[in-house]
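This report refers to the structure that appears directly beneath it.
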Amino acid sequence: MIEIDIEKENKAIAQEYKELLRISYQTLTAEDKKLIRKAFDVAVDAHKDQRRKSGEAYIFHPIAVAKIVASDIGLGSTSIAAALLHDVVEDTPITVKDIEKMFGPKIAQLVEGLTKISLVQKDLNVSMQAENFRKMLLTLNDDVRVILIKIADRLHNMLTMESMENHKQIKIASETLYIYAPLAHRLGLYKIKNKLEDLGLKYTEPERYNSIVSKIRETKEEQDLYIKDISEVLQKALDEENIDFIIKGRPKSIYSINRKMLAQNVGFDEVYDKFALRIVYKSNPHDEKFLAWKIYSIVTDHYRPSPSRLRDWISSPKSTGYEALHITVMGPKGRWVEVQVRSERMDEIAEKGYAAHYKYKNGATEENGLDVWLNLLKEALENSETSAVDFVEDFKMNLYSKEIYIFTPKGDIKCLPKGATSLDFAFSIHSEIGIKTRGTRVNGKLVPLNYELKSGDQVEIITSPNQKPTINWLDYVTTSRAKNKIRNVLNEDIKKLAEDGKELLTRKLKHLKVTLNEQTTNELVNFFRLKTSLDLFYRVGVGSIDNQQLKDFAAQKSNTLINFFKNKIKRSHSTADEDIHKQIISSNYDMLVFGKTQDKLDYKLSSCCNPIPGDDVFGFVTINEGIKIHKKDCPNAISLQSNYAYRIIQAKWIDSTQQDFKATINIMGMDSLGLTNELTKVISNNMNVNIQSISLNGEAGIFKGQVSVIVPNITILKKMMDNIKKIDGIDKVTRVYKN
């Protein structure tokens, strides 16, 4: 057993407390310090007998969370105290009522919100699924600080996961990438978002993460020298203009380098903007914008800018409050470099999110600074009657989406998520305008309601008092707000028609000498193969269930014996079909084993990532289709592992000799005489590879081809791809995961 030096530990705890006060972003009054000290003493006493898996005293965790809350997120004494107490109610005999007596209702409310989130997770003994994410996100309606402290708690947990079992690490990391990183992004906490994403990648795809980290280390010296060269040129030019500034070099996050490599199908060396320069200048509020553009002109005097990659978030700040100028310039040696220009105020807002917002609003306090942010986030939570998974996916899309700026006919600017349509724009102005939308004009031209908007478009909405949403409108919009409003109107219409339908059905059945009661309703629902009584009444109301069908029902109801036999025949048919289906599955696929006991089970290969033997995979237990196999780097993996962790099962290939698999590869290069001949020769010379289809074409000196081959496993596929890469003139060889 490890010997613990209590005196040394107590000194370390006291040191951490002093550090917490020292690094606080807000100016703490004597009253604030008294409150934090009281919370600290209560937490130390409550957790005194607890230790973490690593062996250290548990109290170090709440202190670390409070430090993130105080420094990285920049909250005040109320939140720092709540962070120190965030695990007290869950782990010790102290109750929320006790907290309220000691610290008042506000801190008690925050601690209760944090406890609710944690308890939901513990009860299930699995990673938080979609329903629990929904519950957690709904706490935003109470106080956004609950989520901010939870993000700090999650960041510290991610930083200290080494001693956990691998499957728990993957669950927690998937959850982090799925919901906490997007939340941090939406709250303007870009520094924390980057840390969460990098740590998420470290545990979900360790090999890719470690590969990028080692490559960054290898090239660090060269990158530092490169940044130094550019910095010196700009430093001299800016000094001559008497601008008070600092220049920081900023490497791109590991997660964003990885995302770029995947999106562009390139290797590490081909990602050119792996680093950025940040120029942070001092300015009074009046000159802020003028100085930003002055710095822009100095930078572009020395380095040629890419016009398509200028981002002006000073004239139109992001909805998170982020302001900056981003310029991408061609640096020495023909490399692109991003230069970010921000004032000190803008820099603080980018680092601290809304905490810096209210600091710069005269006389604003932490409490009323929250209102603006709550209103921004409540949109996605409004009247949501969708399934939990749809709700979370919707919410996530609105959290993480890039933004576009759209003009109204009067020239006002509206900010919408990228991918928004002209109908989304109508709902963003007002839900009543959205509901009455008859048509839309973009830049003076009539366009369909599902027209995807681009930044800078000017949109005019044509309304009609008689217009009503149809079910198709749900396919025309992407924002949560629009979807929720359309669903609400459709639901009201359905309910109205269903009420009329119920009356009509009662009358029609009376003629057929059948009484409409609960039993009859259930029989009708089964007879028409519907899901609910609302479906039944609605269909009668709109006339899609006619008199003849009701007569058939009445005739069948009166002959229960025939009915009994019909059901029996129907059931035996479906069972036979299922047996045949199972036989087909098990005879086609017997290459995988599942779980620690290496069981052989029936499964299907998922079409979203087309795994083949040798790929790293996992099993996902679906509701209707048994076990589906996905690659670990499948685009849907993070969502599945996060929402349905309890339905994930370990899977691995044990034998790859019994069956061949189809794989498709894209080939690109410079067109030259004899290239097609060389290519087909290389593929057919590979042992155990059969070409199923091949399409090749050349245009203006560029050669493009797609080859589908039948291979026994991934090793042979990789060997073949390596051989193709060696052909003179071939530039890229990539595998296509979706057929």
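Labels used: A, B, ... for chains in the order of the structure tokens, numbers from 1 for residues in each chain, and numbers from 1 for ligands as shown.
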Open item on the list: Run DSSP on the backbone and tell me which residues of segment 102-259 of chain A come out as strand (DSSP E); list them as a count of residues only.
Closed with: 7
Task: DSSP helix (DSSP H, G or I) selection over segment 401-616 of chain A, as a VMD selection string - done: chain A and resid 422 to 429 431 to 435 473 to 476 480 to 511 518 to 527 533 to 542 547 to 558 560 to 588
Task: Selected residue, from A:Phe407, A:Tyr538, A:Phe290, A:Tyr209, that lies nearest to Lys454 of chain A when counting only C-alpha atoms - done: A:Phe407
Residues at most 12 Å from Asp493 of chain A, counting only C-alpha atoms, excluding those fewer than 4 positions away in the same chain, as a PDB file with N, CA, C and O atoms, in the first residue's frame?
ATOM      1  N   LYS A 468     -50.314  27.671 -45.212  1.00  0.00           N
ATOM      2  CA  LYS A 468     -50.116  26.795 -44.037  1.00  0.00           C
ATOM      3  C   LYS A 468     -48.965  25.845 -44.306  1.00  0.00           C
ATOM      4  O   LYS A 468     -48.785  25.400 -45.449  1.00  0.00           O
ATOM      5  N   PRO A 469     -48.173  25.497 -43.275  1.00  0.00           N
ATOM      6  CA  PRO A 469     -47.081  24.530 -43.490  1.00  0.00           C
ATOM      7  C   PRO A 469     -47.624  23.163 -43.892  1.00  0.00           C
ATOM      8  O   PRO A 469     -48.710  22.763 -43.469  1.00  0.00           O
ATOM      9  N   THR A 470     -46.859  22.443 -44.702  1.00  0.00           N
ATOM     10  CA  THR A 470     -47.184  21.048 -45.028  1.00  0.00           C
ATOM     11  C   THR A 470     -46.078  20.172 -44.458  1.00  0.00           C
ATOM     12  O   THR A 470     -45.019  20.669 -44.064  1.00  0.00           O
ATOM     13  N   ILE A 471     -46.303  18.870 -44.455  1.00  0.00           N
ATOM     14  CA  ILE A 471     -45.314  17.918 -43.909  1.00  0.00           C
ATOM     15  C   ILE A 471     -43.972  18.028 -44.647  1.00  0.00           C
ATOM     16  O   ILE A 471     -42.911  17.831 -44.072  1.00  0.00           O
ATOM     17  N   ILE A 486     -42.804  24.321 -37.189  1.00  0.00           N
ATOM     18  CA  ILE A 486     -43.582  23.597 -38.218  1.00  0.00           C
ATOM     19  C   ILE A 486     -44.280  22.398 -37.572  1.00  0.00           C
ATOM     20  O   ILE A 486     -45.474  22.160 -37.802  1.00  0.00           O
ATOM     21  N   ARG A 487     -43.529  21.643 -36.746  1.00  0.00           N
ATOM     22  CA  ARG A 487     -44.129  20.469 -36.079  1.00  0.00           C
ATOM     23  C   ARG A 487     -45.327  20.874 -35.225  1.00  0.00           C
ATOM     24  O   ARG A 487     -46.348  20.191 -35.201  1.00  0.00           O
ATOM     25  N   ASN A 488     -45.173  21.984 -34.489  1.00  0.00           N
ATOM     26  CA  ASN A 488     -46.272  22.436 -33.617  1.00  0.00           C
ATOM     27  C   ASN A 488     -47.538  22.717 -34.423  1.00  0.00           C
ATOM     28  O   ASN A 488     -48.629  22.307 -34.040  1.00  0.00           O
ATOM     29  N   VAL A 489     -47.387  23.424 -35.562  1.00  0.00           N
ATOM     30  CA  VAL A 489     -48.552  23.758 -36.400  1.00  0.00           C
ATOM     31  C   VAL A 489     -49.162  22.479 -36.971  1.00  0.00           C
ATOM     32  O   VAL A 489     -50.381  22.300 -36.949  1.00  0.00           O
ATOM     33  N   LEU A 497     -58.139  17.635 -37.010  1.00  0.00           N
ATOM     34  CA  LEU A 497     -58.703  16.670 -37.964  1.00  0.00           C
ATOM     35  C   LEU A 497     -59.045  15.352 -37.268  1.00  0.00           C
ATOM     36  O   LEU A 497     -60.031  14.697 -37.597  1.00  0.00           O
ATOM     37  N   ALA A 498     -58.210  14.973 -36.281  1.00  0.00           N
ATOM     38  CA  ALA A 498     -58.448  13.725 -35.552  1.00  0.00           C
ATOM     39  C   ALA A 498     -59.736  13.804 -34.732  1.00  0.00           C
ATOM     40  O   ALA A 498     -60.496  12.832 -34.646  1.00  0.00           O
ATOM     41  N   GLU A 499     -59.979  14.981 -34.139  1.00  0.00           N
ATOM     42  CA  GLU A 499     -61.222  15.158 -33.360  1.00  0.00           C
ATOM     43  C   GLU A 499     -62.444  14.985 -34.274  1.00  0.00           C
ATOM     44  O   GLU A 499     -63.408  14.299 -33.929  1.00  0.00           O
ATOM     45  N   ASP A 500     -62.379  15.631 -35.463  1.00  0.00           N
ATOM     46  CA  ASP A 500     -63.487  15.483 -36.432  1.00  0.00           C
ATOM     47  C   ASP A 500     -63.609  14.026 -36.868  1.00  0.00           C
ATOM     48  O   ASP A 500     -64.714  13.487 -37.003  1.00  0.00           O
ATOM     49  N   LEU A 534     -54.524   8.231 -32.529  1.00  0.00           N
ATOM     50  CA  LEU A 534     -54.484   9.526 -33.216  1.00  0.00           C
ATOM     51  C   LEU A 534     -54.324   9.310 -34.727  1.00  0.00           C
ATOM     52  O   LEU A 534     -55.002   9.953 -35.529  1.00  0.00           O
ATOM     53  N   TYR A 538     -57.163  10.502 -37.413  1.00  0.00           N
ATOM     54  CA  TYR A 538     -56.686  11.460 -38.425  1.00  0.00           C
ATOM     55  C   TYR A 538     -56.983  10.926 -39.832  1.00  0.00           C
ATOM     56  O   TYR A 538     -57.476  11.641 -40.694  1.00  0.00           O
ATOM     57  N   GLY A 541     -60.531  11.226 -40.581  1.00  0.00           N
ATOM     58  CA  GLY A 541     -60.817  12.664 -40.775  1.00  0.00           C
ATOM     59  C   GLY A 541     -60.450  13.144 -42.167  1.00  0.00           C
ATOM     60  O   GLY A 541     -61.189  13.930 -42.772  1.00  0.00           O
ATOM     61  N   VAL A 542     -59.317  12.667 -42.707  1.00  0.00           N
ATOM     62  CA  VAL A 542     -58.904  13.121 -44.047  1.00  0.00           C
ATOM     63  C   VAL A 542     -59.460  12.230 -45.156  1.00  0.00           C
ATOM     64  O   VAL A 542     -59.218  12.468 -46.337  1.00  0.00           O
TER      65      VAL A 542
END
- [ ] Extract, using only C-alpha atoms, all DNA, RNA and protein residues at most 6 Å from Ala324 of chain A, discarding same-chain residues fewer than 6 positions from it, and format them as an NGL selection string.
- [x] :A and (313-314 or 341-342)
Task: Nearest to Thr320 of chain A by atom-to-atom distance, counting only C-alpha atoms, from A:Gly705, A:Leu189, A:Arg345, A:Arg217 - done: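 Closest residue, counting only C-alpha atoms: A:Leu189.
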Each residue of segment 151-195 of chain A with at least one atom at most 12 Å from segment 42-58 of chain A should appear once, together with its nearest atom pair and the corresponding distance in Å (one decimal); atoms considered: only C-alpha atoms; ordering: chain, then increasing residue number; output as CSV.
residue,atom,partner,partner_atom,distance
A:Asn157,CA,A:Arg52,CA,11.0
A:Thr160,CA,A:Ser54,CA,8.6
A:Met161,CA,A:Ser54,CA,9.3
A:Glu162,CA,A:Ser54,CA,8.6
A:Ser163,CA,A:Ser54,CA,6.3
A:Met164,CA,A:Lys53,CA,8.0
A:Glu165,CA,A:Lys53,CA,11.0
Open item on the list: Report as a PyMOL selection string all protein, DNA and RNA residues lying within 8 Å of segment 667-683 of chain A, evaluated on only C-alpha atoms, omitting residues in the same chain fewer than 2 positions from it.
Closed with: chain A and resi 665+685-686+689+691+696+698+701-707+720+723-724+727+729-734
- [ ] Measure the distance from atom CA of Ile151 of chain A to atom CA of Asp72 of chain A in Å and round it to one decimal.
- [x]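 Atom CA of Ile151 of chain A sits 10.9 Å away from atom CA of Asp72 of chain A.
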Open item on the list: Can you measure atom CA of His430 of chain A to atom CA of His185 of chain A for me? One decimal in Å is fine.
Closed with: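 Interatomic distance, atom CA of His430 of chain A to atom CA of His185 of chain A: 26.0 Å.
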Task: Spatial neighbours of Leu640 of chain A, 12 Å, only C-alpha atoms, chain gap at least 3 places, as a ChimeraX atom specification - done: /A:127-130,170-171,174-175,177-178,389,393,618-622,628-637,643-649
Task: Among listed residues A:Glu221, A:Arg259, A:Ile295, A:Arg145, nearest Glu241 of chain A (using only C-alpha atoms) - done: A:Ile295
Task: Nearby residues (only C-alpha atoms) at most 12 Å from Ala292 of chain A, same-chain spacing under 6 positions excluded, as a list in words - done: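 Near Ala292 of chain A, the qualifying residues are Leu238, Ile243, Phe245, Ile279, Val280, Tyr281, Lys282, Ser283, Asn284, Pro285, His286, Ile298, Val299, Asp312, Trp313, Ile314, Ser315, Glu323, Ala324, Leu325, His326, Ile327, Val339, Gln340, Val341, Arg342, Ser343, Glu344 and Met346 of chain A.
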Now that the selection is made, can you save its residues with N, CA and C atoms as an mmCIF file, in the first residue's frame?
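What ended up in out-v3.cif:
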data_model
loop_
_atom_site.group_PDB
_atom_site.id
_atom_site.type_symbol
_atom_site.label_atom_id
_atom_site.label_comp_id
_atom_site.auth_asym_id
_atom_site.auth_seq_id
_atom_site.Cartn_x
_atom_site.Cartn_y
_atom_site.Cartn_z
ATOM 1 N N LEU A 238 4.975 47.043 -37.797
ATOM 2 C CA LEU A 238 3.960 47.538 -36.852
ATOM 3 C C LEU A 238 4.565 48.549 -35.879
ATOM 4 N N ILE A 243 2.095 51.066 -33.185
ATOM 5 C CA ILE A 243 0.969 50.254 -32.681
ATOM 6 C C ILE A 243 1.459 49.450 -31.481
ATOM 7 N N PHE A 245 1.241 46.306 -29.433
ATOM 8 C CA PHE A 245 0.723 44.965 -29.758
ATOM 9 C C PHE A 245 1.663 43.877 -29.229
ATOM 10 N N ILE A 279 -2.098 38.544 -33.790
ATOM 11 C CA ILE A 279 -1.638 39.886 -33.410
ATOM 12 C C ILE A 279 -2.703 40.478 -32.489
ATOM 13 N N VAL A 280 -2.330 40.711 -31.228
ATOM 14 C CA VAL A 280 -3.273 41.270 -30.240
ATOM 15 C C VAL A 280 -2.819 42.692 -29.932
ATOM 16 N N TYR A 281 -3.683 43.665 -30.249
ATOM 17 C CA TYR A 281 -3.277 45.074 -30.106
ATOM 18 C C TYR A 281 -4.090 45.791 -29.027
ATOM 19 N N LYS A 282 -3.467 46.823 -28.451
ATOM 20 C CA LYS A 282 -4.146 47.652 -27.448
ATOM 21 C C LYS A 282 -4.892 48.756 -28.178
ATOM 22 N N SER A 283 -6.117 49.064 -27.698
ATOM 23 C CA SER A 283 -6.880 50.116 -28.369
ATOM 24 C C SER A 283 -7.994 50.614 -27.468
ATOM 25 N N ASN A 284 -8.362 51.906 -27.644
ATOM 26 C CA ASN A 284 -9.584 52.379 -26.982
ATOM 27 C C ASN A 284 -10.766 51.946 -27.861
ATOM 28 N N PRO A 285 -11.992 51.889 -27.292
ATOM 29 C CA PRO A 285 -13.140 51.380 -28.060
ATOM 30 C C PRO A 285 -13.350 52.106 -29.388
ATOM 31 N N HIS A 286 -13.069 53.414 -29.422
ATOM 32 C CA HIS A 286 -13.336 54.216 -30.613
ATOM 33 C C HIS A 286 -12.471 53.789 -31.802
ATOM 34 N N ILE A 298 -1.050 46.525 -43.250
ATOM 35 C CA ILE A 298 0.399 46.334 -43.035
ATOM 36 C C ILE A 298 0.786 44.888 -43.356
ATOM 37 N N VAL A 299 -0.028 43.940 -42.872
ATOM 38 C CA VAL A 299 0.262 42.517 -43.116
ATOM 39 C C VAL A 299 0.247 42.235 -44.622
ATOM 40 N N ASP A 312 -14.138 38.525 -41.900
ATOM 41 C CA ASP A 312 -14.323 39.764 -41.133
ATOM 42 C C ASP A 312 -15.404 39.550 -40.079
ATOM 43 N N TRP A 313 -14.959 39.155 -38.883
ATOM 44 C CA TRP A 313 -15.903 38.994 -37.762
ATOM 45 C C TRP A 313 -15.877 40.207 -36.836
ATOM 46 N N ILE A 314 -15.352 41.332 -37.363
ATOM 47 C CA ILE A 314 -15.416 42.578 -36.576
ATOM 48 C C ILE A 314 -16.667 43.339 -36.993
ATOM 49 N N SER A 315 -16.886 43.444 -38.321
ATOM 50 C CA SER A 315 -18.114 44.107 -38.799
ATOM 51 C C SER A 315 -19.350 43.279 -38.445
ATOM 52 N N GLU A 323 -15.137 38.189 -32.083
ATOM 53 C CA GLU A 323 -14.767 39.239 -33.039
ATOM 54 C C GLU A 323 -13.296 39.078 -33.401
ATOM 55 N N ALA A 324 -12.961 39.206 -34.679
ATOM 56 C CA ALA A 324 -11.569 39.156 -35.129
ATOM 57 C C ALA A 324 -11.538 39.326 -36.636
ATOM 58 N N LEU A 325 -10.349 39.653 -37.142
ATOM 59 C CA LEU A 325 -10.103 39.578 -38.586
ATOM 60 C C LEU A 325 -9.209 38.373 -38.804
ATOM 61 N N HIS A 326 -9.559 37.488 -39.720
ATOM 62 C CA HIS A 326 -8.699 36.357 -40.078
ATOM 63 C C HIS A 326 -8.230 36.561 -41.519
ATOM 64 N N ILE A 327 -6.912 36.610 -41.708
ATOM 65 C CA ILE A 327 -6.352 36.784 -43.047
ATOM 66 C C ILE A 327 -5.459 35.580 -43.314
ATOM 67 N N VAL A 339 -3.293 34.651 -40.257
ATOM 68 C CA VAL A 339 -2.981 35.726 -39.306
ATOM 69 C C VAL A 339 -4.299 36.204 -38.708
ATOM 70 N N GLN A 340 -4.398 36.119 -37.378
ATOM 71 C CA GLN A 340 -5.613 36.571 -36.687
ATOM 72 C C GLN A 340 -5.323 37.925 -36.047
ATOM 73 N N VAL A 341 -6.202 38.874 -36.273
ATOM 74 C CA VAL A 341 -6.016 40.227 -35.720
ATOM 75 C C VAL A 341 -7.143 40.495 -34.727
ATOM 76 N N ARG A 342 -6.755 40.763 -33.462
ATOM 77 C CA ARG A 342 -7.765 41.015 -32.412
ATOM 78 C C ARG A 342 -7.274 42.106 -31.466
ATOM 79 N N SER A 343 -8.202 42.884 -30.941
ATOM 80 C CA SER A 343 -7.845 43.809 -29.854
ATOM 81 C C SER A 343 -7.774 42.993 -28.562
ATOM 82 N N GLU A 344 -7.256 43.603 -27.487
ATOM 83 C CA GLU A 344 -7.190 42.892 -26.190
ATOM 84 C C GLU A 344 -8.586 42.485 -25.733
ATOM 85 N N MET A 346 -11.233 41.854 -27.680
ATOM 86 C CA MET A 346 -11.681 40.732 -28.526
ATOM 87 C C MET A 346 -10.996 39.437 -28.108
#
TODO: Using only C-alpha atoms, pick whichever of A:Gln467, A:Met721, A:Thr78, A:Asp535 has the shortest atom-to-atom distance to Asn491 of chain A.
DONE: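 Ranked by minimum distance to Asn491 of chain A, first place goes to A:Asp535.
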